[in-house]
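File shown here: query_36.txt, holding compact mmCIF, C-alpha atoms.
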```
# COMPACT_ATOMS: atom_id res chain seq x y z
CA MET A 9 60.43 165.28 16.00
CA PHE A 10 62.77 167.24 13.80
CA GLN A 11 62.71 167.60 10.04
CA PRO A 12 66.05 168.16 8.31
CA HIS A 13 65.46 170.60 5.49
CA HIS A 14 67.85 169.03 2.98
CA ASP A 15 67.17 165.33 3.17
CA ARG A 16 67.33 164.63 -0.57
CA PRO A 17 70.00 165.20 -3.22
CA LEU A 18 69.81 168.41 -5.21
CA THR A 19 70.32 168.84 -8.92
CA SER A 20 73.62 170.54 -9.74
CA CYS A 21 73.42 174.08 -11.06
CA ARG A 22 76.42 176.11 -10.05
CA ARG A 23 79.62 175.66 -8.20
CA PRO A 24 78.94 176.44 -4.55
CA ARG A 25 81.51 178.23 -2.45
CA ALA A 26 82.96 176.59 0.61
CA VAL A 27 83.76 179.27 3.15
CA PRO A 28 84.68 177.61 6.45
CA ASN A 29 86.29 180.73 7.90
CA ARG A 30 84.36 183.47 6.13
CA PRO A 31 84.72 187.05 7.39
CA ARG A 32 81.95 188.20 9.68
CA ALA A 33 82.33 191.94 9.26
CA ALA A 34 79.14 192.45 7.30
CA LEU A 35 76.37 190.80 5.36
CA LEU A 36 77.45 192.28 2.06
CA GLY A 37 79.32 189.62 0.12
CA ALA A 38 79.57 188.47 -3.40
CA LEU A 39 76.76 190.21 -5.24
CA VAL A 40 74.77 188.42 -7.86
CA ALA A 41 75.13 190.08 -11.25
CA LEU A 42 72.24 192.36 -12.00
CA ALA A 43 71.16 193.69 -15.36
CA THR A 44 68.14 195.86 -15.95
CA VAL A 45 67.67 196.78 -19.58
CA GLY A 46 65.41 199.46 -20.98
CA ALA A 47 64.00 200.51 -17.58
CA THR A 48 63.05 204.11 -16.89
CA GLY A 49 63.98 205.43 -13.47
CA CYS A 50 65.49 202.12 -12.41
CA GLY A 51 67.64 203.73 -9.75
CA GLY A 52 64.25 204.73 -8.78
CA GLY A 53 63.96 205.86 -5.18
CA ASP A 54 60.70 204.78 -3.70
CA ALA A 55 58.63 205.50 -6.69
CA ASP A 56 58.44 201.78 -5.97
CA ALA A 57 54.66 201.65 -5.73
CA ARG A 58 54.24 203.69 -8.91
CA GLN A 59 56.73 201.49 -10.77
CA LYS A 60 55.24 198.14 -9.89
CA ASP A 61 52.91 197.87 -12.84
CA GLU A 62 55.35 199.46 -15.27
CA LYS A 63 56.43 197.36 -18.22
CA ARG A 64 60.18 196.88 -18.24
CA THR A 65 62.65 194.28 -19.39
CA ILE A 66 64.34 192.72 -16.38
CA ALA A 67 67.19 190.22 -16.38
CA PHE A 68 68.39 188.24 -13.36
CA GLU A 69 70.77 185.36 -12.68
CA SER A 70 69.62 182.07 -11.20
CA CYS A 71 71.76 178.92 -11.01
CA SER A 72 74.07 180.11 -13.80
CA ARG A 73 71.06 180.94 -16.00
CA THR A 74 70.03 184.39 -17.16
CA VAL A 75 66.27 184.81 -16.90
CA GLU A 76 64.46 187.65 -18.65
CA LEU A 77 61.06 189.06 -17.74
CA ASP A 78 59.10 191.54 -19.82
CA ARG A 79 57.40 193.13 -16.83
CA ILE A 80 57.49 193.29 -13.05
CA PRO A 81 55.85 190.13 -11.64
CA LYS A 82 52.38 190.59 -10.19
CA ARG A 83 51.74 186.99 -9.09
CA VAL A 84 54.35 184.99 -7.17
CA ALA A 85 54.47 181.40 -5.89
CA ILE A 86 56.93 180.27 -3.20
CA THR A 87 58.15 176.83 -2.09
CA THR A 88 58.61 177.57 1.61
CA ASP A 89 56.89 179.97 3.99
CA ALA A 90 60.20 181.54 5.01
CA ILE A 91 60.70 183.19 1.61
CA ALA A 92 57.67 185.33 2.41
CA ASP A 93 59.69 187.09 5.12
CA THR A 94 61.86 188.83 2.55
CA LEU A 95 59.02 189.60 0.15
CA PHE A 96 56.96 191.28 2.86
CA GLU A 97 60.02 193.26 3.99
CA LEU A 98 60.36 194.45 0.40
CA GLY A 99 56.70 195.47 0.34
CA VAL A 100 55.64 192.91 -2.26
CA GLY A 101 54.31 190.14 -0.03
CA ASP A 102 50.79 190.79 -1.25
CA ARG A 103 51.87 189.35 -4.61
CA ILE A 104 52.23 185.84 -3.18
CA VAL A 105 49.34 183.83 -4.60
CA ALA A 106 50.27 180.25 -3.65
CA LYS A 107 52.87 178.22 -1.77
CA THR A 108 54.03 174.76 -0.79
CA ARG A 109 54.23 173.90 2.89
CA GLY A 110 58.02 173.69 2.63
CA GLU A 111 60.36 172.86 5.49
CA SER A 112 60.14 176.02 7.63
CA ALA A 113 57.25 177.38 9.65
CA PRO A 114 55.90 180.82 8.78
CA ALA A 115 56.82 183.85 10.84
CA PRO A 116 54.18 184.29 13.60
CA GLU A 117 52.96 187.60 12.19
CA LEU A 118 52.42 186.02 8.76
CA LYS A 119 50.99 182.68 9.85
CA GLU A 120 47.30 183.40 9.26
CA ARG A 121 47.91 185.29 6.05
CA LEU A 122 50.02 182.53 4.54
CA ALA A 123 47.68 179.78 5.76
CA ALA A 124 44.90 181.33 3.67
CA LEU A 125 46.85 180.94 0.43
CA PRO A 126 46.19 178.07 -2.00
CA GLY A 127 48.56 175.15 -1.53
CA LEU A 128 50.88 173.85 -4.25
CA GLY A 129 51.80 170.63 -2.45
CA THR A 130 53.60 169.49 0.65
CA ARG A 131 57.16 170.06 -0.55
CA ASN A 132 57.50 170.15 -4.32
CA PRO A 133 54.96 172.21 -6.25
CA SER A 134 52.69 170.29 -8.61
CA VAL A 135 52.33 171.45 -12.21
CA GLU A 136 48.54 171.27 -11.98
CA ALA A 137 48.45 173.49 -8.89
CA LEU A 138 50.83 175.99 -10.49
CA VAL A 139 48.69 176.19 -13.60
CA GLY A 140 45.70 176.93 -11.39
CA ALA A 141 47.56 179.62 -9.40
CA LYS A 142 48.83 181.33 -12.58
CA PRO A 143 52.02 182.85 -11.11
CA ASP A 144 54.38 184.95 -13.22
CA LEU A 145 57.30 183.93 -11.02
CA LEU A 146 58.12 180.93 -8.82
CA ILE A 147 60.70 181.56 -6.08
CA THR A 148 62.25 178.44 -4.59
CA ASP A 149 64.84 177.73 -1.92
CA GLN A 150 66.05 174.48 -3.54
CA VAL A 151 66.65 173.77 -7.20
CA GLU A 152 65.63 170.16 -6.60
CA LYS A 153 62.04 171.39 -6.29
CA VAL A 154 62.16 172.46 -9.94
CA SER A 155 64.41 169.68 -11.23
CA GLY A 156 61.78 167.51 -12.93
CA LYS A 157 62.59 164.74 -10.43
CA LEU A 158 60.58 163.23 -7.58
CA GLY A 159 57.38 164.58 -9.08
CA SER A 160 58.58 168.16 -9.31
CA PRO A 161 58.21 170.29 -12.46
CA SER A 162 61.34 171.23 -14.38
CA ILE A 163 62.46 174.79 -15.03
CA ALA A 164 62.02 174.20 -18.77
CA GLU A 165 58.49 172.91 -18.22
CA LEU A 166 57.65 175.98 -16.16
CA GLU A 167 59.04 178.26 -18.84
CA LYS A 168 56.67 176.71 -21.39
CA LEU A 169 53.83 177.56 -19.01
CA GLY A 170 55.00 181.17 -18.83
CA ILE A 171 56.35 180.83 -15.27
CA ALA A 172 59.84 182.16 -14.61
CA THR A 173 61.92 180.52 -11.85
CA TYR A 174 64.16 182.20 -9.30
CA VAL A 175 66.33 179.96 -7.10
CA VAL A 176 67.58 181.88 -4.07
CA GLY A 177 71.28 182.10 -3.31
CA GLY A 178 72.73 178.86 -1.96
CA GLY A 179 69.86 176.82 -3.37
CA CYS A 180 71.79 175.48 -6.37
CA ALA A 181 74.14 173.07 -4.58
CA ALA A 182 74.18 169.61 -6.16
CA ASP A 183 73.75 167.68 -2.91
CA LEU A 184 74.64 167.63 0.77
CA SER A 185 78.25 166.65 0.00
CA GLU A 186 78.87 170.16 -1.33
CA ASP A 187 79.26 173.19 0.88
CA THR A 188 77.34 176.29 -0.13
CA SER A 189 77.16 179.99 0.57
CA GLY A 190 76.24 181.53 3.89
CA LEU A 191 74.44 184.75 4.77
CA GLU A 192 76.23 186.70 2.08
CA ALA A 193 73.87 185.07 -0.44
CA LEU A 194 70.94 186.87 1.19
CA ASP A 195 72.41 190.20 0.18
CA GLY A 196 72.40 189.14 -3.46
CA ASP A 197 68.82 187.91 -3.16
CA ILE A 198 67.58 191.14 -1.60
CA ARG A 199 69.25 193.34 -4.21
CA GLN A 200 68.23 191.14 -7.10
CA LEU A 201 64.63 190.86 -5.93
CA GLY A 202 64.63 194.62 -5.45
CA THR A 203 65.38 194.92 -9.15
CA VAL A 204 62.89 192.23 -10.18
CA PHE A 205 60.04 193.97 -8.33
CA GLY A 206 61.15 197.54 -8.99
CA VAL A 207 61.78 198.30 -5.31
CA GLU A 208 65.51 198.97 -5.46
CA ALA A 209 65.55 201.72 -2.82
CA ARG A 210 63.63 199.60 -0.35
CA ALA A 211 65.98 196.69 -1.02
CA ARG A 212 69.03 198.85 -0.28
CA LYS A 213 67.43 200.03 2.96
CA LEU A 214 66.67 196.45 4.00
CA ALA A 215 70.22 195.30 3.22
CA ASP A 216 71.61 198.19 5.29
CA LYS A 217 69.35 197.28 8.22
CA LEU A 218 70.47 193.64 8.13
CA ASN A 219 74.11 194.68 7.86
CA GLY A 220 73.67 196.88 10.89
CA SER A 221 72.23 194.00 12.92
CA LEU A 222 75.11 191.71 11.98
CA ASP A 223 77.68 194.40 12.71
CA ASP A 224 76.15 194.93 16.16
CA VAL A 225 76.53 191.23 16.95
CA ARG A 226 80.08 191.18 15.61
CA ARG A 227 81.08 194.10 17.83
CA GLN A 228 79.43 192.67 20.92
CA THR A 229 80.99 189.22 20.52
CA ALA A 230 84.44 190.36 19.40
CA GLN A 231 85.99 190.01 22.86
CA GLU A 232 83.89 187.04 23.99
CA PRO A 233 85.44 183.54 24.10
CA ARG A 234 84.11 181.35 21.32
CA THR A 235 81.85 178.53 22.46
CA LYS A 236 82.03 174.97 21.10
CA VAL A 237 78.64 174.20 19.56
CA ALA A 238 76.86 171.23 18.02
CA LYS A 239 73.75 172.00 15.98
CA LEU A 240 71.34 169.08 15.61
CA SER A 241 68.27 167.96 13.69
CA GLN A 242 66.61 164.57 13.31
CA VAL A 243 64.37 162.77 10.83
CA ALA A 244 63.01 159.23 10.81
CA GLY A 245 65.26 158.31 13.71
CA GLN A 246 68.44 159.58 12.01
CA LEU A 247 70.42 162.29 13.75
CA TYR A 248 72.04 165.04 11.64
CA VAL A 249 74.52 167.77 12.52
CA THR A 250 75.19 171.03 10.73
CA SER A 251 78.61 170.84 9.10
CA GLY A 252 78.64 173.79 6.66
CA GLY A 253 76.54 176.15 4.57
CA LEU A 254 74.13 178.77 5.86
CA SER A 255 73.47 177.12 9.23
CA ASN A 256 77.18 176.91 9.97
CA ASP A 257 77.63 180.56 9.01
CA VAL A 258 74.85 181.61 11.40
CA VAL A 259 76.58 179.78 14.26
CA GLU A 260 79.98 181.24 13.38
CA ARG A 261 78.67 184.81 13.13
CA ALA A 262 77.00 184.38 16.52
CA GLY A 263 80.36 183.65 18.12
CA GLY A 264 80.23 179.87 18.15
CA THR A 265 82.68 177.26 16.91
CA ASN A 266 80.97 174.32 15.21
CA VAL A 267 82.50 171.11 16.58
CA PHE A 268 81.36 169.25 13.44
CA ALA A 269 82.65 171.77 10.87
CA ASP A 270 85.29 169.22 9.82
CA LEU A 271 82.63 166.96 8.31
CA PRO A 272 81.89 167.44 4.59
CA GLY A 273 78.92 169.21 3.12
CA GLN A 274 76.12 171.15 4.79
CA PHE A 275 74.57 168.42 6.98
CA ALA A 276 76.01 165.10 8.03
CA PRO A 277 74.40 162.01 9.59
CA VAL A 278 75.97 161.08 12.92
CA SER A 279 75.40 158.66 15.79
CA PRO A 280 74.55 159.78 19.31
CA GLU A 281 77.94 158.42 20.32
CA GLN A 282 79.65 161.01 18.10
CA ILE A 283 77.84 163.79 19.93
CA VAL A 284 78.91 162.33 23.26
CA ALA A 285 82.51 161.99 22.09
CA ARG A 286 82.79 165.64 21.03
CA ASP A 287 81.03 166.83 24.20
CA PRO A 288 80.00 170.31 22.96
CA GLN A 289 79.70 173.16 25.46
CA SER A 290 76.35 174.17 23.90
CA ILE A 291 73.76 172.44 21.73
CA ILE A 292 71.38 174.14 19.28
CA VAL A 293 68.39 172.18 18.00
CA ASP A 294 66.22 173.07 15.01
CA ASN A 295 62.49 173.30 15.72
CA PHE A 296 60.82 172.98 12.32
CA THR A 297 57.33 173.54 13.69
CA ALA A 298 58.40 176.61 15.71
CA THR A 299 55.92 175.52 18.40
CA THR A 300 56.13 174.96 22.15
CA ALA A 301 55.27 171.31 21.56
CA GLY A 302 58.22 171.00 19.19
CA GLU A 303 60.50 172.60 21.75
CA ASN A 304 59.32 170.29 24.53
CA GLU A 305 59.81 167.25 22.31
CA ALA A 306 63.35 168.32 21.44
CA MET A 307 64.28 168.90 25.08
CA ALA A 308 62.90 165.51 26.10
CA TYR A 309 64.90 163.82 23.33
CA LEU A 310 68.15 165.51 24.42
CA LYS A 311 67.69 164.65 28.09
CA ARG A 312 66.87 161.06 27.20
CA THR A 313 69.68 160.59 24.68
CA PHE A 314 72.54 162.73 26.03
CA PRO A 315 72.32 162.74 29.84
CA THR A 316 76.13 162.78 30.19
CA VAL A 317 76.87 165.56 27.68
CA ASP A 318 78.03 168.72 29.41
CA ALA A 319 75.68 171.00 27.48
CA VAL A 320 72.62 168.99 28.51
CA LYS A 321 73.70 168.62 32.14
CA LYS A 322 74.26 172.39 32.44
CA GLN A 323 71.12 173.23 30.42
CA ARG A 324 73.17 174.97 27.74
CA VAL A 325 70.60 174.07 25.07
CA LEU A 326 68.75 176.33 22.64
CA VAL A 327 65.78 175.07 20.63
CA ILE A 328 65.37 177.56 17.79
CA ASP A 329 62.92 178.22 14.98
CA ALA A 330 64.61 176.35 12.12
CA ALA A 331 64.05 179.26 9.74
CA LYS A 332 66.24 181.44 11.96
CA SER A 333 69.14 179.05 11.63
CA GLY A 334 69.01 178.05 8.00
CA ALA A 335 66.13 179.21 5.80
CA ARG A 336 67.57 180.36 2.48
CA GLY A 337 65.97 183.43 0.95
CA SER A 338 64.60 184.54 4.35
CA THR A 339 65.62 187.45 6.56
CA ARG A 340 65.10 185.32 9.68
CA PRO A 341 68.65 183.89 9.81
CA VAL A 342 69.84 187.42 10.64
CA GLU A 343 67.50 187.32 13.64
CA GLY A 344 68.95 183.89 14.36
CA VAL A 345 72.49 185.25 14.56
CA ALA A 346 71.41 187.69 17.27
CA GLU A 347 69.35 185.08 19.16
CA ILE A 348 72.15 182.50 19.14
CA ALA A 349 74.71 185.16 20.15
CA ARG A 350 72.62 186.07 23.20
CA PHE A 351 72.34 182.37 24.07
CA LEU A 352 76.07 181.73 23.71
CA HIS A 353 77.11 184.97 25.43
CA PRO A 354 74.61 185.78 28.22
CA SER A 355 76.56 188.93 29.10
CA MET A 356 75.24 190.43 25.85
CA SER A 357 71.67 190.29 27.16
CA ARG A 358 72.64 191.82 30.49
CA SER A 359 74.40 194.74 28.79
CA GLN A 360 71.44 195.63 26.56
```
Please rewrite the model in this file as structure tokens.
Amino acid sequence: MFQPHHDRPLTSCRRPRAVPNRPRAALLGALVALATVGATGCGGGDADARQKDEKRTIAFESCSRTVELDRIPKRVAITTDAIADTLFELGVGDRIVAKTRGESAPAPELKERLAALPGLGTRNPSVEALVGAKPDLLITDQVEKVSGKLGSPSIAELEKLGIATYVVGGGCAADLSEDTSGLEALDGDIRQLGTVFGVEARARKLADKLNGSLDDVRRQTAQEPRTKVAKLSQVAGQLYVTSGGLSNDVVERAGGTNVFADLPGQFAPVSPEQIVARDPQSIIVDNFTATTAGENEAMAYLKRTFPTVDAVKKQRVLVIDAAKSGARGSTRPVEGVAEIARFLHPSMSRSQ
């Protein structure tokens, strides 16, 4: 029914930040260090289109590594459909040449376009498929997918093939026992990708737009009582709850209080009895297919499993596109903050 998007350990890369009570004033957080060397017009306004084929030396940070490119990438591979959201917003989505299926469904407006792309595998990209796609840059949401384990290629192996690797913010956590960054990491990704693709002005505009959306939610929920929330997913019969990381940040920014935030890491396995015991006021369920069938299946599961929980009895349940609640490197979690806020605080919808 559900598909938790971090069901395997990740290879350690950098020390993640645990931020259980992070400020919600704006998206802008800790910026990833940027260095652009030898570029002409790099503060560039939207000479973006004219710059895209320009040769320039570009340096960016990824999992405590400095990666250097000798030109703006023309061919990009991605390891989850949700990363395409940001690339299309930056005006470089047409450079995506291949993808893995990943854990998140594509945005509806991109579904057909992304479905037409060559596949790199179900989850981890295969070396053979990458060689065939000939990307300059691979963008991944999880460092495990380029760890050299579980059939995945390693970053060093990709470098030998002439493929640079960018791991989006929050994707370098060692495993689920470590907390990781929230939405502030998206700001770093947008700005850094703006530099990588020579679209700095467009990246700034996008960051400002996302900040504005988050500020609107913050203002509208400032005087609302916080709602006790449990956020669930399930795989192979095992129930998981969000405990930290990006998904927890989305809930917090929407005006919710995560009743499982005391558990370690980003996601934690629980029993149905633990859900019953904490009796959340509202339940949010990830829908990894983002389909009506997935929503119906989730609702049937909740009614069957938690008939005595207050949230289920009062129909205080939201089944949400999983990318909106926790897809790293995607702009959709900002949409998710607004959607969850309207669900938790119905007066917001009535006032709009």
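In terms of minimum interatomic distance to Phe96 in chain A, A:Ile198 ranks closest within A:Val151, A:Val139, A:Ile198, A:Leu125, counting all atoms listed in the file.
In this model, the gap between CA of Arg212 in chain A and CA of Tyr174 in chain A comes to 19.6 Å.
The nearest approach to Leu352 in chain A among the residues A:Asp257, A:Asp294, A:Glu208, A:Glu232, with only C-alpha atoms taken into account, belongs to A:Glu232.
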Original post:
Rounded to one decimal in Å, what is the spacing between CA of Ala238 in chain A and CA of Ser333 in chain A?
Top reply: 12.7 Å
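Using all atoms listed in the file, the nearest neighbour of Ile171 in chain A within the list A:Gly190, A:Gly140, A:Lys213, A:Phe314 is A:Gly140.
Proximity to Arg103 in chain A was assessed for A:Glu76, A:Lys142, A:Lys332, A:Asn132 counting all atoms listed in the file; the smallest distance is recorded for A:Lys142.
Compared by their closest atoms to Ala298 in chain A, and using only C-alpha atoms, the residues A:Ile283, A:Val327, A:Cys71, A:Leu122 rank with A:Val327 nearest.
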